[in-house]
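Okay, query01.cif is below, mmCIF, C-alpha atoms:
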data_model
loop_
_atom_site.group_PDB
_atom_site.id
_atom_site.type_symbol
_atom_site.label_atom_id
_atom_site.label_comp_id
_atom_site.auth_asym_id
_atom_site.auth_seq_id
_atom_site.Cartn_x
_atom_site.Cartn_y
_atom_site.Cartn_z
ATOM 1 C CA MET A 1 138.604 100.976 94.070
ATOM 2 C CA GLU A 2 135.888 102.617 96.173
ATOM 3 C CA GLU A 3 137.756 105.924 96.073
ATOM 4 C CA LYS A 4 137.950 105.763 92.264
ATOM 5 C CA LYS A 5 134.208 105.085 92.061
ATOM 6 C CA LYS A 6 133.544 108.041 94.330
ATOM 7 C CA LYS A 7 135.722 110.358 92.224
ATOM 8 C CA GLY A 8 134.031 109.026 89.101
ATOM 9 C CA ARG A 9 130.602 109.844 90.500
ATOM 10 C CA ILE A 10 131.742 113.351 91.402
ATOM 11 C CA ARG A 11 133.150 113.917 87.888
ATOM 12 C CA GLU A 12 129.939 112.620 86.344
ATOM 13 C CA TYR A 13 127.833 114.877 88.558
ATOM 14 C CA ILE A 14 129.915 117.930 87.592
ATOM 15 C CA ARG A 15 129.671 116.955 83.919
ATOM 16 C CA GLN A 16 125.893 116.717 84.161
ATOM 17 C CA LEU A 17 125.703 120.092 85.861
ATOM 18 C CA LYS A 18 127.800 121.646 83.086
ATOM 19 C CA GLU A 19 125.645 120.067 80.398
ATOM 20 C CA GLN A 20 122.511 121.329 82.096
ATOM 21 C CA MET A 21 123.907 124.840 82.324
ATOM 22 C CA ILE A 22 124.923 124.831 78.633
ATOM 23 C CA LYS A 23 121.419 123.762 77.630
ATOM 24 C CA LYS A 24 120.013 126.799 79.413
ATOM 25 C CA HIS A 25 119.272 130.009 77.615
ATOM 26 C CA ASN A 26 122.507 131.732 76.593
ATOM 27 C CA GLY A 27 121.711 134.787 78.719
ATOM 28 C CA THR A 28 121.390 132.656 81.840
ATOM 29 C CA PHE A 29 124.644 130.846 81.151
ATOM 30 C CA VAL A 30 126.503 134.115 80.531
ATOM 31 C CA LEU A 31 125.102 135.605 83.746
ATOM 32 C CA TYR A 32 126.162 132.467 85.644
ATOM 33 C CA ILE A 33 129.738 132.727 84.320
ATOM 34 C CA VAL A 34 130.003 136.489 84.952
ATOM 35 C CA LEU A 35 128.770 136.168 88.541
ATOM 36 C CA ARG A 36 131.178 133.277 89.223
ATOM 37 C CA ILE A 37 134.089 135.361 87.919
ATOM 38 C CA LEU A 38 133.084 138.276 90.135
ATOM 39 C CA VAL A 39 132.817 136.027 93.200
ATOM 40 C CA ILE A 40 136.193 134.416 92.504
ATOM 41 C CA ALA A 41 137.733 137.881 92.152
ATOM 42 C CA VAL A 42 136.338 138.867 95.565
ATOM 43 C CA LEU A 43 137.583 135.551 96.988
ATOM 44 C CA VAL A 44 141.146 136.151 95.740
ATOM 45 C CA LEU A 45 141.142 139.725 97.037
ATOM 46 C CA SER A 46 139.865 138.504 100.425
ATOM 47 C CA LEU A 47 142.669 135.936 100.582
ATOM 48 C CA ILE A 48 145.259 138.625 99.849
ATOM 49 C CA GLU A 49 143.801 140.846 102.571
ATOM 50 C CA LYS A 50 143.480 137.835 104.943
ATOM 51 C CA ARG A 51 139.744 138.329 105.430
ATOM 52 C CA TYR A 52 138.999 134.655 105.917
ATOM 53 C CA GLU A 53 135.325 135.100 106.836
ATOM 54 C CA SER A 54 134.818 136.757 103.459
ATOM 55 C CA VAL A 55 136.645 133.856 101.809
ATOM 56 C CA ALA A 56 134.221 131.415 103.459
ATOM 57 C CA THR A 57 131.273 133.513 102.260
ATOM 58 C CA CYS A 58 132.589 133.422 98.687
ATOM 59 C CA PHE A 59 132.908 129.628 98.803
ATOM 60 C CA LEU A 60 129.340 129.454 100.130
ATOM 61 C CA VAL A 61 128.103 131.602 97.226
ATOM 62 C CA LEU A 62 129.859 129.391 94.672
ATOM 63 C CA VAL A 63 128.097 126.377 96.178
ATOM 64 C CA LEU A 64 124.723 128.166 96.255
ATOM 65 C CA PHE A 65 125.087 128.951 92.544
ATOM 66 C CA LEU A 66 124.838 125.181 91.938
ATOM 67 C CA VAL A 67 121.642 124.799 93.968
ATOM 68 C CA PRO A 68 119.156 125.561 91.136
ATOM 69 C CA SER A 69 120.653 122.858 88.900
ATOM 70 C CA PHE A 70 120.903 120.456 91.828
ATOM 71 C CA LEU A 71 117.224 120.941 92.711
ATOM 72 C CA GLU A 72 116.189 120.474 89.099
ATOM 73 C CA ARG A 73 117.974 117.131 88.969
ATOM 74 C CA LYS A 74 116.772 115.881 92.343
ATOM 75 C CA LEU A 75 113.178 117.150 92.286
ATOM 76 C CA HIS A 76 112.711 116.728 88.542
ATOM 77 C CA PHE A 77 111.402 120.113 87.531
ATOM 78 C CA GLU A 78 112.578 122.759 85.085
ATOM 79 C CA LEU A 79 113.339 126.345 86.061
ATOM 80 C CA PRO A 80 112.555 128.929 83.374
ATOM 81 C CA SER A 81 115.556 131.084 82.518
ATOM 82 C CA THR A 82 113.880 134.182 83.998
ATOM 83 C CA ILE A 83 113.399 132.648 87.445
ATOM 84 C CA GLU A 84 116.907 131.156 87.420
ATOM 85 C CA LYS A 85 118.406 134.567 86.636
ATOM 86 C CA ILE A 86 116.479 136.009 89.575
ATOM 87 C CA ILE A 87 117.833 133.269 91.866
ATOM 88 C CA LEU A 88 121.443 133.835 90.790
ATOM 89 C CA LEU A 89 121.138 137.604 91.180
ATOM 90 C CA PHE A 90 119.425 137.152 94.552
ATOM 91 C CA ILE A 91 122.297 135.028 95.893
ATOM 92 C CA TYR A 92 124.910 137.485 94.643
ATOM 93 C CA ALA A 93 123.004 140.536 95.913
ATOM 94 C CA ALA A 94 122.409 139.011 99.359
ATOM 95 C CA GLU A 95 125.853 137.605 100.124
ATOM 96 C CA ILE A 96 128.436 139.495 98.083
ATOM 97 C CA MET A 97 126.825 142.913 97.780
ATOM 98 C CA GLY A 98 124.732 142.792 100.952
ATOM 99 C CA GLU A 99 127.170 141.214 103.395
ATOM 100 C CA LEU A 100 130.670 141.798 101.994
ATOM 101 C CA GLN A 101 130.064 145.157 100.292
ATOM 102 C CA GLU A 102 127.795 146.238 103.182
ATOM 103 C CA PHE A 103 124.862 147.274 100.990
ATOM 104 C CA TYR A 104 122.560 146.387 103.893
ATOM 105 C CA ILE A 105 123.937 149.485 105.625
ATOM 106 C CA ARG A 106 124.766 151.670 102.628
ATOM 107 C CA VAL A 107 121.470 151.223 100.760
ATOM 108 C CA PRO A 108 118.386 151.625 103.028
ATOM 109 C CA TRP A 109 116.040 149.636 100.755
ATOM 110 C CA TRP A 110 118.462 146.764 99.981
ATOM 111 C CA ASP A 111 117.203 144.401 102.683
ATOM 112 C CA THR A 112 113.572 145.211 101.842
ATOM 113 C CA MET A 113 114.144 144.398 98.168
ATOM 114 C CA LEU A 114 115.765 141.055 98.975
ATOM 115 C CA HIS A 115 113.008 139.986 101.376
ATOM 116 C CA THR A 116 110.442 140.798 98.679
ATOM 117 C CA MET A 117 112.367 138.630 96.213
ATOM 118 C CA ASN A 118 112.649 135.941 98.882
ATOM 119 C CA GLY A 119 108.856 135.813 99.227
ATOM 120 C CA PHE A 120 108.481 135.547 95.460
ATOM 121 C CA LEU A 121 111.117 132.817 95.011
ATOM 122 C CA PHE A 122 109.945 130.567 97.828
ATOM 123 C CA ALA A 123 106.374 130.825 96.596
ATOM 124 C CA ALA A 124 107.732 129.547 93.253
ATOM 125 C CA PHE A 125 109.559 126.711 94.999
ATOM 126 C CA GLY A 126 106.465 125.778 97.012
ATOM 127 C CA PHE A 127 104.422 125.862 93.805
ATOM 128 C CA ALA A 128 106.842 123.437 92.125
ATOM 129 C CA LEU A 129 106.802 121.034 95.084
ATOM 130 C CA VAL A 130 103.009 120.879 95.158
ATOM 131 C CA ASP A 131 102.852 120.572 91.374
ATOM 132 C CA ILE A 132 105.042 117.464 91.534
ATOM 133 C CA LEU A 133 102.490 115.839 93.847
ATOM 134 C CA ASN A 134 99.532 117.264 91.959
ATOM 135 C CA SER A 135 100.714 115.678 88.699
ATOM 136 C CA ASN A 136 101.622 112.321 90.273
ATOM 137 C CA PRO A 137 98.901 109.734 89.483
ATOM 138 C CA ASN A 138 100.029 107.661 92.471
ATOM 139 C CA VAL A 139 99.292 110.484 94.933
ATOM 140 C CA LYS A 140 95.666 111.271 95.762
ATOM 141 C CA LEU A 141 96.056 115.037 95.512
ATOM 142 C CA SER A 142 94.143 117.203 93.077
ATOM 143 C CA LEU A 143 94.275 120.893 93.909
ATOM 144 C CA SER A 144 92.344 123.559 92.047
ATOM 145 C CA PRO A 145 94.279 126.598 90.716
ATOM 146 C CA PHE A 146 93.215 128.647 93.738
ATOM 147 C CA TYR A 147 94.391 126.101 96.307
ATOM 148 C CA LEU A 148 97.617 125.459 94.427
ATOM 149 C CA ALA A 149 98.344 129.190 94.549
ATOM 150 C CA PHE A 150 97.271 129.372 98.202
ATOM 151 C CA VAL A 151 99.574 126.513 99.236
ATOM 152 C CA SER A 152 102.534 128.150 97.472
ATOM 153 C CA PHE A 153 101.720 131.401 99.293
ATOM 154 C CA CYS A 154 101.574 129.616 102.678
ATOM 155 C CA PHE A 155 104.852 127.826 101.972
ATOM 156 C CA SER A 156 106.578 131.134 101.249
ATOM 157 C CA MET A 157 105.191 132.806 104.382
ATOM 158 C CA THR A 158 106.240 129.845 106.539
ATOM 159 C CA VAL A 159 109.805 130.097 105.226
ATOM 160 C CA GLY A 160 109.740 133.848 105.910
ATOM 161 C CA VAL A 161 108.639 133.312 109.521
ATOM 162 C CA VAL A 162 111.237 130.595 110.107
ATOM 163 C CA TRP A 163 113.924 132.925 108.759
ATOM 164 C CA GLU A 164 112.897 135.638 111.219
ATOM 165 C CA PHE A 165 113.111 133.040 114.013
ATOM 166 C CA PHE A 166 116.640 132.311 112.817
ATOM 167 C CA GLU A 167 117.602 135.999 112.828
ATOM 168 C CA PHE A 168 116.236 136.458 116.344
ATOM 169 C CA SER A 169 118.054 133.329 117.575
ATOM 170 C CA MET A 170 121.365 134.480 116.106
ATOM 171 C CA ASP A 171 120.947 137.901 117.747
ATOM 172 C CA TRP A 172 119.882 136.461 121.099
ATOM 173 C CA PHE A 173 122.360 133.601 121.468
ATOM 174 C CA PHE A 174 125.343 134.801 119.433
ATOM 175 C CA HIS A 175 124.984 138.566 120.018
ATOM 176 C CA LEU A 176 124.755 139.523 116.341
ATOM 177 C CA ASP A 177 122.557 142.202 114.798
ATOM 178 C CA MET A 178 120.679 140.426 112.006
ATOM 179 C CA GLN A 179 117.452 142.158 113.041
ATOM 180 C CA LYS A 180 118.539 145.680 112.202
ATOM 181 C CA ASP A 181 117.401 148.513 114.483
ATOM 182 C CA THR A 182 115.249 151.452 113.407
ATOM 183 C CA VAL A 183 115.370 155.060 114.599
ATOM 184 C CA VAL A 184 111.878 156.412 115.383
ATOM 185 C CA ASN A 185 110.702 159.749 116.747
ATOM 186 C CA THR A 186 107.519 158.566 118.473
ATOM 187 C CA ILE A 187 106.890 155.704 120.890
ATOM 188 C CA ARG A 188 103.704 154.419 122.501
ATOM 189 C CA SER A 189 104.001 152.273 125.610
ATOM 190 C CA VAL A 190 101.666 151.086 128.349
ATOM 191 C CA MET A 191 104.650 150.663 130.667
ATOM 192 C CA LEU A 192 105.271 154.417 130.600
ATOM 193 C CA ASN A 193 101.713 155.315 131.644
ATOM 194 C CA PRO A 194 102.141 157.372 134.866
ATOM 195 C CA ASP A 195 98.801 156.113 136.207
ATOM 196 C CA GLY A 196 99.681 152.447 135.705
ATOM 197 C CA ARG A 197 96.709 151.953 133.383
ATOM 198 C CA ASN A 198 96.506 149.748 130.310
ATOM 199 C CA VAL A 199 96.504 152.805 128.077
ATOM 200 C CA PRO A 200 99.477 153.602 125.792
ATOM 201 C CA TYR A 201 101.454 156.647 126.855
ATOM 202 C CA VAL A 202 102.655 158.588 123.816
ATOM 203 C CA ILE A 203 106.001 160.361 123.619
ATOM 204 C CA SER A 204 106.431 162.190 120.316
ATOM 205 C CA GLY A 205 109.055 164.485 118.838
ATOM 206 C CA ILE A 206 111.956 162.450 120.250
ATOM 207 C CA GLU A 207 115.239 163.990 119.087
ATOM 208 C CA SER A 208 117.762 162.401 121.444
ATOM 209 C CA VAL A 209 118.144 159.379 123.712
ATOM 210 C CA THR A 210 120.610 158.974 126.554
ATOM 211 C CA VAL A 211 121.719 155.527 127.795
ATOM 212 C CA ASN A 212 123.721 155.287 131.016
ATOM 213 C CA GLY A 213 124.455 158.987 130.772
ATOM 214 C CA GLN A 214 125.733 158.778 127.189
ATOM 215 C CA GLU A 215 123.962 160.493 124.292
ATOM 216 C CA LEU A 216 123.492 158.048 121.410
ATOM 217 C CA GLY A 217 123.434 160.770 118.780
ATOM 218 C CA LEU A 218 120.862 158.972 116.617
ATOM 219 C CA GLY A 219 118.320 161.760 116.361
ATOM 220 C CA GLY A 220 115.550 159.660 117.861
ATOM 221 C CA TYR A 221 114.576 156.536 119.796
ATOM 222 C CA LEU A 222 116.165 153.186 118.862
ATOM 223 C CA ASP A 223 113.655 150.432 118.080
ATOM 224 C CA ILE A 224 115.395 147.083 118.663
ATOM 225 C CA GLY A 225 114.498 144.892 115.679
ATOM 226 C CA LEU A 226 110.679 144.854 115.859
ATOM 227 C CA ILE A 227 110.010 147.219 112.966
ATOM 228 C CA ASP A 228 112.645 145.487 110.832
ATOM 229 C CA THR A 229 111.092 142.058 111.469
ATOM 230 C CA MET A 230 107.544 143.165 110.689
ATOM 231 C CA LYS A 231 108.694 145.033 107.566
ATOM 232 C CA ASP A 232 110.517 141.903 106.355
ATOM 233 C CA LEU A 233 107.430 139.759 106.872
ATOM 234 C CA PHE A 234 105.208 142.307 105.147
ATOM 235 C CA VAL A 235 107.351 142.526 101.987
ATOM 236 C CA ASN A 236 107.706 138.716 102.022
ATOM 237 C CA PHE A 237 103.900 138.686 102.020
ATOM 238 C CA ILE A 238 103.854 140.986 98.983
ATOM 239 C CA GLY A 239 106.330 138.824 97.061
ATOM 240 C CA ALA A 240 104.376 135.660 97.891
ATOM 241 C CA VAL A 241 101.073 137.226 96.813
ATOM 242 C CA VAL A 242 102.551 138.409 93.496
ATOM 243 C CA PHE A 243 103.812 134.931 92.604
ATOM 244 C CA SER A 244 100.625 133.233 93.816
ATOM 245 C CA VAL A 245 98.557 135.436 91.496
ATOM 246 C CA ILE A 246 100.895 134.620 88.588
ATOM 247 C CA GLY A 247 100.707 130.902 89.434
ATOM 248 C CA TYR A 248 96.916 131.001 89.658
ATOM 249 C CA PHE A 249 96.452 132.484 86.207
ATOM 250 C CA TYR A 250 99.085 130.162 84.750
ATOM 251 C CA VAL A 251 97.250 127.051 85.943
ATOM 252 C CA LYS A 252 93.877 128.601 85.092
ATOM 253 C CA SER A 253 95.060 129.041 81.493
ATOM 254 C CA SER A 254 96.394 125.453 81.404
ATOM 255 C CA GLY A 255 99.926 126.768 80.949
ATOM 256 C CA LYS A 256 99.103 129.015 77.978
ATOM 257 C CA ASN A 257 99.832 132.317 79.712
ATOM 258 C CA LYS A 258 103.196 133.251 78.162
ATOM 259 C CA PHE A 259 104.044 135.935 80.722
ATOM 260 C CA ALA A 260 103.372 133.643 83.699
ATOM 261 C CA SER A 261 105.295 130.754 82.101
ATOM 262 C CA ARG A 262 108.501 132.793 82.475
ATOM 263 C CA PHE A 263 108.237 132.416 86.267
ATOM 264 C CA ILE A 264 106.676 128.975 86.753
ATOM 265 C CA PRO A 265 108.845 125.944 87.559
ATOM 266 C CA ILE A 266 107.286 122.894 85.874
ATOM 267 C CA THR A 267 107.792 119.181 86.346
ATOM 268 C CA SER A 268 110.193 117.706 83.827
ATOM 269 C CA LYS A 269 109.759 114.019 84.630
ATOM 270 C CA GLY A 270 106.855 111.693 84.191
ATOM 271 C CA ILE A 271 106.002 109.089 86.836
ATOM 272 C CA SER A 272 105.719 105.419 86.042
ATOM 273 C CA ASP A 273 103.030 103.074 87.332
ATOM 274 C CA SER A 274 105.499 101.728 89.853
ATOM 275 C CA GLY A 275 105.950 105.182 91.312
ATOM 276 C CA GLU A 276 109.476 105.633 89.945
ATOM 277 C CA LEU A 277 110.408 108.857 88.184
ATOM 278 C CA THR A 278 111.044 108.403 84.487
ATOM 279 C CA ALA A 279 111.833 110.725 81.628
ATOM 280 C CA GLY A 280 108.737 112.323 80.180
ATOM 281 C CA GLU A 281 107.019 115.481 79.147
ATOM 282 C CA SER A 282 106.161 118.314 81.475
ATOM 283 C CA GLU A 283 102.903 117.828 83.316
ATOM 284 C CA MET A 284 100.919 120.696 84.733
ATOM 285 C CA PRO A 285 97.557 120.510 86.470
ATOM 286 C CA ARG A 286 94.792 121.187 84.043
ATOM 287 C CA LYS A 287 92.121 121.974 86.592
ATOM 288 C CA ASN A 288 89.922 124.987 85.971
ATOM 289 C CA LYS A 289 87.674 124.767 88.991
#
Spell out the structure here as structure tokens.
Amino acid sequence: MEEKKKKGRIREYIRQLKEQMIKKHNGTFVLYIVLRILVIAVLVLSLIEKRYESVATCFLVLVLFLVPSFLERKLHFELPSTIEKIILLFIYAAEIMGELQEFYIRVPWWDTMLHTMNGFLFAAFGFALVDILNSNPNVKLSLSPFYLAFVSFCFSMTVGVVWEFFEFSMDWFFHLDMQKDTVVNTIRSVMLNPDGRNVPYVISGIESVTVNGQELGLGGYLDIGLIDTMKDLFVNFIGAVVFSVIGYFYVKSSGKNKFASRFIPITSKGISDSGELTAGESEMPRKNK
């Protein structure tokens, strides 16, 4: 009996997800279906070639495709079709194209683009989380447009920093190379100062580096991860700032800015006097301080 109830709940959850997807803008639904077909095709090909790590990645992507709808149901906010398309494309570009098709290596700017999108998307998510509290009459929180935008920016930057911690940990403990190296032709180091002073010693025009008697053949000095990490954080900063500005003007206009509304997740549930979430109209902060 318990097993039947469990299966029934799973079927109901899947049905609700399908209904929610169908209600979305047709373009979003079509994109969702096309990307799923492409991922399944890669999954089947990986099975044939016995690349089981790629198979696991494909399954992960199929699960991640359900995350936007899952978050909407659990956190009670609506994602505009534009932002949902960006999320779906981000997942596909990061895992299938970036990891499995090796675009991180083939396309120099691929990782930079994704980290910029990451900053933008997590600022949107942080904005939605704060908006839920800001519009809850049972929570004593009333943020002005500026502070709402600032909190979403800080949320995005925090996620970006935590992700860089994760990359460093994976490289350090599991000997991966998530923090990609950079070839540079100039280095500045206090440790190389021949006088032992706290003054950077500059070596420029580096064309070759030899390690343990072996020429690396890189055409310069190999920076181990630092430049990549700082670049990722910088473009995350740019993405977070862009969304924060959009969010600021959206709240400032009381939700009337049509361009900004294409990127702003809004609450889709009202909140009853008892504190329970109930069906209701979207509520956005109407502060213009």
field: Atomic separation - atom CA of A:Gly239 relative to atom CA of A:Glu102, Å
entry: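 Value for the atom CA of A:Glu102-atom CA of A:Gly239 distance: 23.5 Å.
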- request: On this file, the PyMOL selection byres ((chain A and resi 94-101) around 8) gives some set of residues; write that set as a list in words.
  value: Val39, Ser54, Thr57, Cys58, Val61, Phe90, Ile91, Tyr92, Ala93, Glu102, Phe103, Tyr104, Trp110, Asp111 and Leu114 of chain A
Output for the residues just chosen: C-alpha atoms as a CSV table (one decimal), in the frame of the given file:
chain,number,residue,atom,x,y,z
A,39,VAL,CA,132.8,136.0,93.2
A,54,SER,CA,134.8,136.8,103.5
A,57,THR,CA,131.3,133.5,102.3
A,58,CYS,CA,132.6,133.4,98.7
A,61,VAL,CA,128.1,131.6,97.2
A,90,PHE,CA,119.4,137.2,94.6
A,91,ILE,CA,122.3,135.0,95.9
A,92,TYR,CA,124.9,137.5,94.6
A,93,ALA,CA,123.0,140.5,95.9
A,102,GLU,CA,127.8,146.2,103.2
A,103,PHE,CA,124.9,147.3,101.0
A,104,TYR,CA,122.6,146.4,103.9
A,110,TRP,CA,118.5,146.8,100.0
A,111,ASP,CA,117.2,144.4,102.7
A,114,LEU,CA,115.8,141.1,99.0
How big is the axis-aligned box around the listed atoms of stretch 111-123 of chain A once 3 Å is added on each side, and where is its centre? Give both in Å to one decimal, as JSON.
{"center_x": 111.8, "center_y": 137.9, "center_z": 98.8, "size_x": 16.8, "size_y": 20.6, "size_z": 13.7}
- prompt: Residues picked by the PyMOL selection byres ((chain A and resi 68) around 12) here, as a ChimeraX atom specification?
  reply: /A:17,20-21,24,28,32,62-67,69-81,83-88,91,121,125,265
- request: Determine the residue membership of the PyMOL selection byres ((chain A and resi 264) around 7) for the file above and supply it as an NGL selection string.
  value: :A and (80 or 124 or 247 or 260-263 or 265-266)
- prompt: For A:Ala128, which residue out of A:Ser253, A:Ser244, A:Asn198, A:Thr116 is the nearest one, using all atoms listed in the file?
  reply: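 Closest candidate: A:Ser244.
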- request: Could you please determine the separation between atom CA of A:Val202 and atom CA of A:Phe234 in Å, to one decimal place?
  value: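 Distance between the two atoms: 24.9 Å.
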- request: One decimal, Å: what's the distance from atom CA of A:Gly225 over to atom CA of A:Cys154, could you say?
  value: 23.9 Å
message: Within 12 Å of (115.8, 138.3, 112.5) in the file's own coordinates, which protein, DNA or RNA residues have an atom, counting only C-alpha atoms? List them as number ranges by chain.
response: A: 111, 115, 160-172, 175-181, 224-233
field: Nearby residues (only C-alpha atoms) at most 9 Å from A:Phe122, same-chain spacing under 6 positions excluded, as a PyMOL selection string
entry: chain A and resi 152-153+155-157+159-160+240
